[in-house]
Amino acid sequence: MVFNSLTFLAFLSVVLALYYCLKHRFQNWMLLVASYIFYGWWDPRFLGLLLFTTLFDYFCALWIDEEPDPKRRKFLLASSMTVNLGVLCIFKYFGFFEQSLQAAFAHLGVTLSFPILHVVLPVGISFYTFLSMSYTIDVYRGELKPARNPLDFMLYVAFFPHLVAGPIVRASLLLPQCQRPRKIVPEEVANGIWLILMGYLKKVVIADRLGQITTWGFSGSLPALADANFWLVIYAFAFQIYGDFAGYSDIARGLSKLMGFELVENFRAPYLVTNPAAFWRHWHISLSTWLRDYLYIPLGGNRYGRMKTYRNLMLTMLLGGLWHGAGVAYVLWGLYHGGLLACQRLWNDFVSSRFQSFSRAEITHPLPVSTSQAHAVMQGPSVNTLATASVSLAQGSSWTSYAESQRESASPESVPLSTPQPISTPSRPPSGGDLMGLVKRFVLIVVFFHITCLGWLLFRAGSLAPGVDQFHFVLRSLESLVAWPARINPIAQAILVLGCVSLFFQWKFDEMNHFSRWRTGSQVVAVILALAAILSLGVFEGSQFIYFQF
Amino acid sequence: MKRLLLIGSLVAPVVVWSSYWALAKRISAFASQRWGERILRAGDGKFSDVAVFLQHRFYEAAWLITVTVIVSLGVIVLGTLIARRLPVLWKWVPFSVAGFLGVNLWLKCAFGTCLFWCLFWTGKGSTNNLTQFHIKLLLMNESPAPLKVVLAGSSQVLAQIDARELNEHLGPKIFTTQLYFPGNRAYDFLLLNRKLEGHQVDAILCYLSELNFFEGAVGEGLPFFLTPRDLPEFHRLLGQWSWSPRSMGYGLLGDVLPPFWIREPLAERLLGIEATKIRQKQRDAALDSNLSQRAAEFAAVFGVNAQSDFSFHAFDAFVEKCRARHRTVIACCGQVNPVLARRLDPTLRNQMRAFLRKLATRYDNFILLEEDNFPPQGESDYEDLTHVGPVARARFTETLEPILRTWGSRDHLSP
């Protein structure tokens, strides 16, 4: 079942009607059943896999919590990891590793033959596996008490708004919401309705419209392509993937708000940033923070010297790339971003320190955390404050700054994990910025957007149909990028219009989350425009979300 | 501020209509004198009197402004009435609902004006079919000709008949206009006929070929022209056959929600034609360059089945409805490229011919023009499998002219 289908709208109406009629415990039961129906609609066979992963981690976490022997605890954690990663490997990476091994041995003149496994990739497997894994790790680390009631944990994993394409919500945020009765906050319901509308707008208008252009542009089957500026096609893909994924996340968050849940914000203004670290604080925030906390930091972060920091960055991003899909192109995309992060680190370490005019502040603009967020964290572990804390953490702490805080944990100024870190909001101009500063900033945004776009080329290559030569695709595309066409292709109009709408949403990302605080006039105009745009410019062919394949 | 807005809203229509009565005629006359030639050329034969054309547009502009004011006031009043009892947090809901209803209402009103559709005009040959349909239909109403003929059928009728040429030769008595969308399936004629309600149309000239009956039951017209009112008849025509294509849902939704209905013209205007026609381009590009090969693939789609039965019943119902409305149906028994015709089962053509002959005997408002009325069309006359080139078009139009003239001189089915 996809969010942009009539079936889902009917399903949602029934779920919401039941939800508002039932009491907390029954609400959880109903949501669990609904979530399993939602997932099983696509292929009921994989419900077993979801159930297996969930129950395995549930029992592992319980045992870990009760087990005093550190060696056994470690063993239990390793078992959970092995099972989770094993499932992921079999269903997602088996073919890739098989082909890669065969190719490697073929170069040495050895022919290897493996049993051919045609495994269908279960939708959202990467999302719920990471979700489940983080839970056991948190319990092992002692950062989280395990759920005693299996129903709560099963609902945490299978909760339908985030099940198939995230955001990857930490157990510390969502599990308490499953355990305690939820309060329907009218403001949050209003915000949720707007988020759903905006999500649909991003998906069916921006992403799906641009999707038609990119499918055509990347196919290269039309003579018109020779006439098109290939950069336009890549811009279209950049806005498409943002609209698709951010749209899904918005709908997921909006749906959750209607039921009194709070999920983390997954996207802020990724195309209005000036550097790679900021990009990863604004793009797929729940994944990047997951990678930071469960991969980068355990690898050592930046605690063991420069070379190891670069290595850790590259390795983390490589695995991040691989998480997106089993393919060389995804690995290269991960390495590309790892390289960018390492380069930024290098810049910070050497160039920035020598030329004060390019100070660190130029690269990241640390702003103090907003008072409302800080206040929310001080209030205690209510649902909303936990959400805010998590959001702040997700938004605020870059990998490097977090690692630094870990290194300096002995100092009195150290920042604990649960405290929001300074938020870097590169989409906002630096306070008191003069015209030159703004121009410089604009140039940096444009340059970094193009750097990101080049990365998207690799990413797009990763999603090509099997059998298509990905390297050839990338090379041909790069070749096309150099050739500037004699005239601007007419598709530019669509990309310009939809791109501007997309950038507007990014520019106003903070306001977009607080619809209930808008003036009534603005609310009315926004809702009418959104409805009219969805109806008149949307593509209604039930297209899948790109991130379903991950 | 609110009071000022209210006064402004009430005064605006008065000012607009006063200006219209005082100035529209003069400005139209001035503009037609100054830019008449250019406007006529842009009109491409769809109107002959520039001053009248402009005057009508001024009238529509005044009407649209009035509608905007009335709808806005209605939205504010309705929203305020409902929102009075709601907390501030939820005031946006009644206003948004009322506003959205207002947008729908405004669009429904705007659809009846040529000025609105002109906003979506993207040039000759590239304008969306729905836009063209409405512009042509609304301009036909403004024609002073006593007899009006609609040229209907698929894009074949557009390729076969030059309406401008026909109008020039037929003189002031008969005005023809191309309404080829919807029309690629027999059922489309039924939808077209319903859409022509309230318009003076004396005859519908249909260019019919195997495409209309044997290629499938519904075409591109359904998502734009089907309304809930058509459903009982649709199901009656289906008979035992159960069928509900996705496009049917689109049509019904579009009838209820005008923003959904104008999605194609609006998208083409906002996003550009190139970006919105990509699927079509991809399909065209994927076509086999070898015409014979393409004909073989295309011919496989044709067949006698439940869909063709539905089409025959639909066309029969169309002729019957035309008789009830005192409209003559002139059916040209058309053809496709011989390359394709050779690939088609010959019984299809015979069946179509027999059906049309039967209609001619049953209905007195039905005139059948068989193949021998027209000059033969060979392979070289065609640009692809179904559309002829300009030479064949000129020839066919020339042949049609005396036929229409004869029809025009006869006594008509008087209401």
# chains A, B, ... in the order shown; residues from 1 in each chain; ligands from 1

call {"tool": "residues_around", "arguments": {"residues": "range 241-245 of chain B", "least_positions_apart": "5", "cutoff": "9 Å", "atoms": "only C-alpha atoms", "output": "mmCIF file with C-alpha atoms, in the first residue's frame"}}
result
data_model
loop_
_atom_site.group_PDB
_atom_site.id
_atom_site.type_symbol
_atom_site.label_atom_id
_atom_site.label_comp_id
_atom_site.auth_asym_id
_atom_site.auth_seq_id
_atom_site.Cartn_x
_atom_site.Cartn_y
_atom_site.Cartn_z
ATOM 1 C CA VAL B 218 -13.135 4.223 -24.746
ATOM 2 C CA HIS B 235 -24.072 0.821 -17.909
ATOM 3 C CA ALA B 306 -17.583 -6.895 -26.312
ATOM 4 C CA GLN B 307 -15.853 -3.532 -26.744
ATOM 5 C CA PHE B 310 -20.364 -1.436 -26.941
#

call {"tool": "interface_residues", "arguments": {"of": "chain B", "to": "chain A", "cutoff": "9 Å", "atoms": "only C-alpha atoms", "output": "ChimeraX atom specification"}}
result
/B:88-97,99-100,103,257-264,266-267,270-276,278-279,281-282,285-286

call {"tool": "atom_distance", "arguments": {"atom1": "CA of Val301 in chain B", "atom2": "CA of Asn373 in chain B"}}
result
28.7 Å

call {"tool": "atom_distance", "arguments": {"atom1": "CA of Leu196 in chain B", "atom2": "CA of Phe214 in chain B"}}
result
25.3 Å

call {"tool": "residues_around", "arguments": {"residues": "His134 in chain B", "least_positions_apart": "6", "cutoff": "10 Å", "atoms": "only C-alpha atoms", "output": "PyMOL selection string"}}
result
chain B and resi 111-114+116-118+140+179

call {"tool": "write_last_selection", "arguments": {"atoms": "C-alpha atoms", "output": "PDB file, in the first residue's frame"}}
result
ATOM      1  CA  PHE B 111     -15.189  27.294 -18.100  1.00  0.00           C
ATOM      2  CA  GLY B 112     -18.021  28.962 -19.976  1.00  0.00           C
ATOM      3  CA  THR B 113     -15.848  31.844 -21.099  1.00  0.00           C
ATOM      4  CA  CYS B 114     -13.512  31.867 -24.023  1.00  0.00           C
ATOM      5  CA  PHE B 116     -10.473  31.841 -19.541  1.00  0.00           C
ATOM      6  CA  TRP B 117      -9.560  29.188 -22.081  1.00  0.00           C
ATOM      7  CA  CYS B 118      -7.430  31.670 -23.997  1.00  0.00           C
ATOM      8  CA  MET B 140     -18.874  28.783 -32.721  1.00  0.00           C
ATOM      9  CA  LEU B 179     -14.272  19.363 -32.446  1.00  0.00           C
TER      10      LEU B 179
END

call {"tool": "select_by_dssp", "arguments": {"residues": "range 230-342 of chain A", "states": "helix (DSSP H, G or I)", "output": "PyMOL selection string"}}
result
chain A and resi 230-258+270-272+276-282+285-299+306-324+328-342

call {"tool": "closest_residue", "arguments": {"among": "B:Arg34, B:Arg343, B:Lys148, B:Arg57", "to": "Ile204 in chain B", "atoms": "only C-alpha atoms"}}
result
B:Lys148

call {"tool": "residues_around", "arguments": {"residues": "Ile64 in chain A", "least_positions_apart": "6", "cutoff": "8 Å", "atoms": "only C-alpha atoms", "output": "list in words"}}
result
Arg72, Arg73, Leu76, Leu77, Val139 and Tyr140 of chain A

call {"tool": "write_last_selection", "arguments": {"atoms": "N, CA and C atoms", "output": "tab-separated table (two decimals), in the first residue's frame"}}
result
chain	number	residue	atom	x	y	z
A	72	ARG	N	28.38	-12.51	28.04
A	72	ARG	CA	27.12	-13.02	27.51
A	72	ARG	C	26.28	-11.92	26.87
A	73	ARG	N	26.36	-10.77	27.51
A	73	ARG	CA	25.64	-9.62	26.95
A	73	ARG	C	26.16	-9.32	25.54
A	76	LEU	N	24.99	-11.91	23.15
A	76	LEU	CA	23.58	-11.71	22.76
A	76	LEU	C	23.45	-10.56	21.75
A	77	LEU	N	24.21	-9.51	22.02
A	77	LEU	CA	24.18	-8.38	21.07
A	77	LEU	C	24.70	-8.83	19.71
A	139	VAL	N	19.81	-0.84	24.31
A	139	VAL	CA	19.59	-1.62	25.54
A	139	VAL	C	20.94	-2.14	26.05
A	140	TYR	N	21.76	-2.61	25.13
A	140	TYR	CA	23.08	-3.12	25.50
A	140	TYR	C	23.92	-2.01	26.16

call {"tool": "atom_distance", "arguments": {"atom1": "CA of Leu121 in chain A", "atom2": "CA of Lys92 in chain A"}}
result
5.9 Å

call {"tool": "residues_around", "arguments": {"residues": "Asp230 in chain B", "least_positions_apart": "4", "cutoff": "10 Å", "atoms": "only C-alpha atoms", "output": "PyMOL selection string"}}
result
chain B and resi 190-191+194+225-226+234-235+252

call {"tool": "write_last_selection", "arguments": {"atoms": "N, CA and C atoms", "output": "PDB file, in the first residue's frame"}}
result
ATOM      1  N   LEU B 190     -21.137  10.207 -28.213  1.00  0.00           N
ATOM      2  CA  LEU B 190     -22.243  10.335 -27.265  1.00  0.00           C
ATOM      3  C   LEU B 190     -21.901  11.412 -26.217  1.00  0.00           C
ATOM      4  N   LEU B 191     -20.651  11.364 -25.759  1.00  0.00           N
ATOM      5  CA  LEU B 191     -20.197  12.363 -24.777  1.00  0.00           C
ATOM      6  C   LEU B 191     -20.184  13.756 -25.408  1.00  0.00           C
ATOM      7  N   ARG B 194     -23.643  15.222 -25.663  1.00  0.00           N
ATOM      8  CA  ARG B 194     -24.121  15.759 -24.394  1.00  0.00           C
ATOM      9  C   ARG B 194     -23.465  17.104 -24.087  1.00  0.00           C
ATOM     10  N   PHE B 225     -14.751  14.027 -20.208  1.00  0.00           N
ATOM     11  CA  PHE B 225     -16.130  14.325 -20.591  1.00  0.00           C
ATOM     12  C   PHE B 225     -17.176  13.482 -19.876  1.00  0.00           C
ATOM     13  N   LEU B 226     -16.758  12.428 -19.209  1.00  0.00           N
ATOM     14  CA  LEU B 226     -17.738  11.590 -18.514  1.00  0.00           C
ATOM     15  C   LEU B 226     -18.216  12.307 -17.245  1.00  0.00           C
ATOM     16  N   PHE B 234     -24.154   4.602 -19.732  1.00  0.00           N
ATOM     17  CA  PHE B 234     -22.911   3.840 -19.890  1.00  0.00           C
ATOM     18  C   PHE B 234     -23.160   2.381 -19.502  1.00  0.00           C
ATOM     19  N   HIS B 235     -23.811   2.190 -18.374  1.00  0.00           N
ATOM     20  CA  HIS B 235     -24.072   0.821 -17.909  1.00  0.00           C
ATOM     21  C   HIS B 235     -25.109   0.116 -18.782  1.00  0.00           C
ATOM     22  N   LEU B 252     -15.291  11.204 -13.586  1.00  0.00           N
ATOM     23  CA  LEU B 252     -16.270  11.519 -12.544  1.00  0.00           C
ATOM     24  C   LEU B 252     -15.683  12.490 -11.531  1.00  0.00           C
TER      25      LEU B 252
END

call {"tool": "select_by_dssp", "arguments": {"residues": "range 118-321 of chain B", "states": "strand (DSSP E or B)", "output": "ChimeraX atom specification"}}
result
/B:147-153,174-178,203-208

call {"tool": "write_last_selection", "arguments": {"atoms": "C-alpha atoms", "output": "PDB file, in the first residue's frame"}}
result
ATOM      1  CA  LEU B 147     -26.324  26.718 -39.789  1.00  0.00           C
ATOM      2  CA  LYS B 148     -23.570  25.287 -37.666  1.00  0.00           C
ATOM      3  CA  VAL B 149     -21.752  22.061 -38.315  1.00  0.00           C
ATOM      4  CA  VAL B 150     -19.413  20.294 -35.929  1.00  0.00           C
ATOM      5  CA  LEU B 151     -16.675  18.188 -37.513  1.00  0.00           C
ATOM      6  CA  ALA B 152     -16.219  15.248 -35.196  1.00  0.00           C
ATOM      7  CA  GLY B 153     -14.102  12.155 -35.119  1.00  0.00           C
ATOM      8  CA  ILE B 174     -22.822  27.492 -42.881  1.00  0.00           C
ATOM      9  CA  PHE B 175     -20.121  27.614 -40.213  1.00  0.00           C
ATOM     10  CA  THR B 176     -18.050  24.534 -39.491  1.00  0.00           C
ATOM     11  CA  THR B 177     -15.743  23.900 -36.579  1.00  0.00           C
ATOM     12  CA  GLN B 178     -13.398  21.074 -35.713  1.00  0.00           C
ATOM     13  CA  ALA B 203     -25.255  18.884 -37.934  1.00  0.00           C
ATOM     14  CA  ILE B 204     -22.423  16.703 -36.721  1.00  0.00           C
ATOM     15  CA  LEU B 205     -20.182  15.467 -39.474  1.00  0.00           C
ATOM     16  CA  CYS B 206     -18.373  12.338 -38.360  1.00  0.00           C
ATOM     17  CA  TYR B 207     -15.349  10.871 -40.049  1.00  0.00           C
ATOM     18  CA  LEU B 208     -15.553   7.212 -39.172  1.00  0.00           C
TER      19      LEU B 208
END

call {"tool": "residues_around", "arguments": {"residues": "Ser80 in chain A", "least_positions_apart": "5", "cutoff": "12 Å", "atoms": "only C-alpha atoms", "output": "MDAnalysis selection string"}}
result
chainID A and resid 52:64 73:75 85:87 129:130 132:137 139:140

call {"tool": "write_last_selection", "arguments": {"atoms": "N, CA and C atoms", "output": "JSON list (two decimals), in the first residue's frame"}}
result
[["chain", "number", "residue", "atom", "x", "y", "z"],
["A", 52, "PHE", "N", 9.62, -12.04, 12.56],
["A", 52, "PHE", "CA", 10.80, -12.75, 13.07],
["A", 52, "PHE", "C", 11.83, -11.75, 13.60],
["A", 53, "THR", "N", 12.16, -10.75, 12.78],
["A", 53, "THR", "CA", 13.15, -9.75, 13.20],
["A", 53, "THR", "C", 12.70, -9.07, 14.49],
["A", 54, "THR", "N", 11.42, -8.72, 14.53],
["A", 54, "THR", "CA", 10.90, -8.00, 15.70],
["A", 54, "THR", "C", 11.02, -8.85, 16.96],
["A", 55, "LEU", "N", 10.51, -10.08, 16.87],
["A", 55, "LEU", "CA", 10.50, -10.92, 18.07],
["A", 55, "LEU", "C", 11.91, -11.30, 18.50],
["A", 56, "PHE", "N", 12.76, -11.55, 17.54],
["A", 56, "PHE", "CA", 14.15, -11.91, 17.87],
["A", 56, "PHE", "C", 14.81, -10.78, 18.66],
["A", 57, "ASP", "N", 14.66, -9.56, 18.18],
["A", 57, "ASP", "CA", 15.27, -8.43, 18.88],
["A", 57, "ASP", "C", 14.59, -8.15, 20.21],
["A", 58, "TYR", "N", 13.31, -8.40, 20.26],
["A", 58, "TYR", "CA", 12.58, -8.19, 21.52],
["A", 58, "TYR", "C", 13.16, -9.09, 22.61],
["A", 59, "PHE", "N", 13.30, -10.38, 22.30],
["A", 59, "PHE", "CA", 13.82, -11.32, 23.30],
["A", 59, "PHE", "C", 15.30, -11.06, 23.58],
["A", 60, "CYS", "N", 16.06, -10.76, 22.55],
["A", 60, "CYS", "CA", 17.48, -10.46, 22.74],
["A", 60, "CYS", "C", 17.66, -9.31, 23.72],
["A", 61, "ALA", "N", 16.87, -8.26, 23.51],
["A", 61, "ALA", "CA", 16.99, -7.08, 24.37],
["A", 61, "ALA", "C", 16.63, -7.43, 25.81],
["A", 62, "LEU", "N", 15.60, -8.24, 25.97],
["A", 62, "LEU", "CA", 15.21, -8.65, 27.33],
["A", 62, "LEU", "C", 16.34, -9.41, 28.01],
["A", 63, "TRP", "N", 16.92, -10.34, 27.25],
["A", 63, "TRP", "CA", 18.02, -11.14, 27.82],
["A", 63, "TRP", "C", 19.23, -10.27, 28.13],
["A", 64, "ILE", "N", 19.52, -9.38, 27.22],
["A", 64, "ILE", "CA", 20.67, -8.49, 27.44],
["A", 64, "ILE", "C", 20.47, -7.70, 28.73],
["A", 73, "ARG", "N", 26.36, -10.77, 27.51],
["A", 73, "ARG", "CA", 25.64, -9.62, 26.95],
["A", 73, "ARG", "C", 26.16, -9.32, 25.54],
["A", 74, "LYS", "N", 27.49, -9.36, 25.45],
["A", 74, "LYS", "CA", 28.12, -9.10, 24.16],
["A", 74, "LYS", "C", 27.71, -10.15, 23.14],
["A", 75, "PHE", "N", 27.67, -11.39, 23.63],
["A", 75, "PHE", "CA", 27.29, -12.49, 22.74],
["A", 75, "PHE", "C", 25.85, -12.30, 22.22],
["A", 85, "LEU", "N", 21.72, -8.32, 10.40],
["A", 85, "LEU", "CA", 22.53, -8.06, 9.21],
["A", 85, "LEU", "C", 22.47, -9.24, 8.25],
["A", 86, "GLY", "N", 22.32, -10.43, 8.82],
["A", 86, "GLY", "CA", 22.20, -11.63, 7.98],
["A", 86, "GLY", "C", 20.96, -11.56, 7.12],
["A", 87, "VAL", "N", 19.86, -11.20, 7.74],
["A", 87, "VAL", "CA", 18.60, -11.06, 6.98],
["A", 87, "VAL", "C", 18.77, -10.02, 5.88],
["A", 129, "THR", "N", 15.10, -2.90, 9.83],
["A", 129, "THR", "CA", 16.25, -3.60, 10.40],
["A", 129, "THR", "C", 17.10, -2.63, 11.23],
["A", 130, "PHE", "N", 17.33, -1.45, 10.69],
["A", 130, "PHE", "CA", 18.12, -0.46, 11.41],
["A", 130, "PHE", "C", 17.40, -0.02, 12.69],
["A", 132, "SER", "N", 15.28, -1.76, 14.46],
["A", 132, "SER", "CA", 15.31, -2.85, 15.41],
["A", 132, "SER", "C", 16.71, -3.00, 16.02],
["A", 133, "MET", "N", 17.72, -2.85, 15.16],
["A", 133, "MET", "CA", 19.10, -3.00, 15.63],
["A", 133, "MET", "C", 19.46, -1.92, 16.65],
["A", 134, "SER", "N", 19.03, -0.70, 16.36],
["A", 134, "SER", "CA", 19.39, 0.40, 17.25],
["A", 134, "SER", "C", 18.80, 0.16, 18.64],
["A", 135, "TYR", "N", 17.64, -0.49, 18.66],
["A", 135, "TYR", "CA", 16.99, -0.78, 19.94],
["A", 135, "TYR", "C", 17.85, -1.70, 20.80],
["A", 136, "THR", "N", 18.31, -2.80, 20.20],
["A", 136, "THR", "CA", 19.14, -3.74, 20.97],
["A", 136, "THR", "C", 20.44, -3.09, 21.40],
["A", 137, "ILE", "N", 21.02, -2.28, 20.51],
["A", 137, "ILE", "CA", 22.29, -1.62, 20.87],
["A", 137, "ILE", "C", 22.07, -0.67, 22.04],
["A", 139, "VAL", "N", 19.81, -0.84, 24.31],
["A", 139, "VAL", "CA", 19.59, -1.62, 25.54],
["A", 139, "VAL", "C", 20.94, -2.14, 26.05],
["A", 140, "TYR", "N", 21.76, -2.61, 25.13],
["A", 140, "TYR", "CA", 23.08, -3.12, 25.50],
["A", 140, "TYR", "C", 23.92, -2.01, 26.16]]
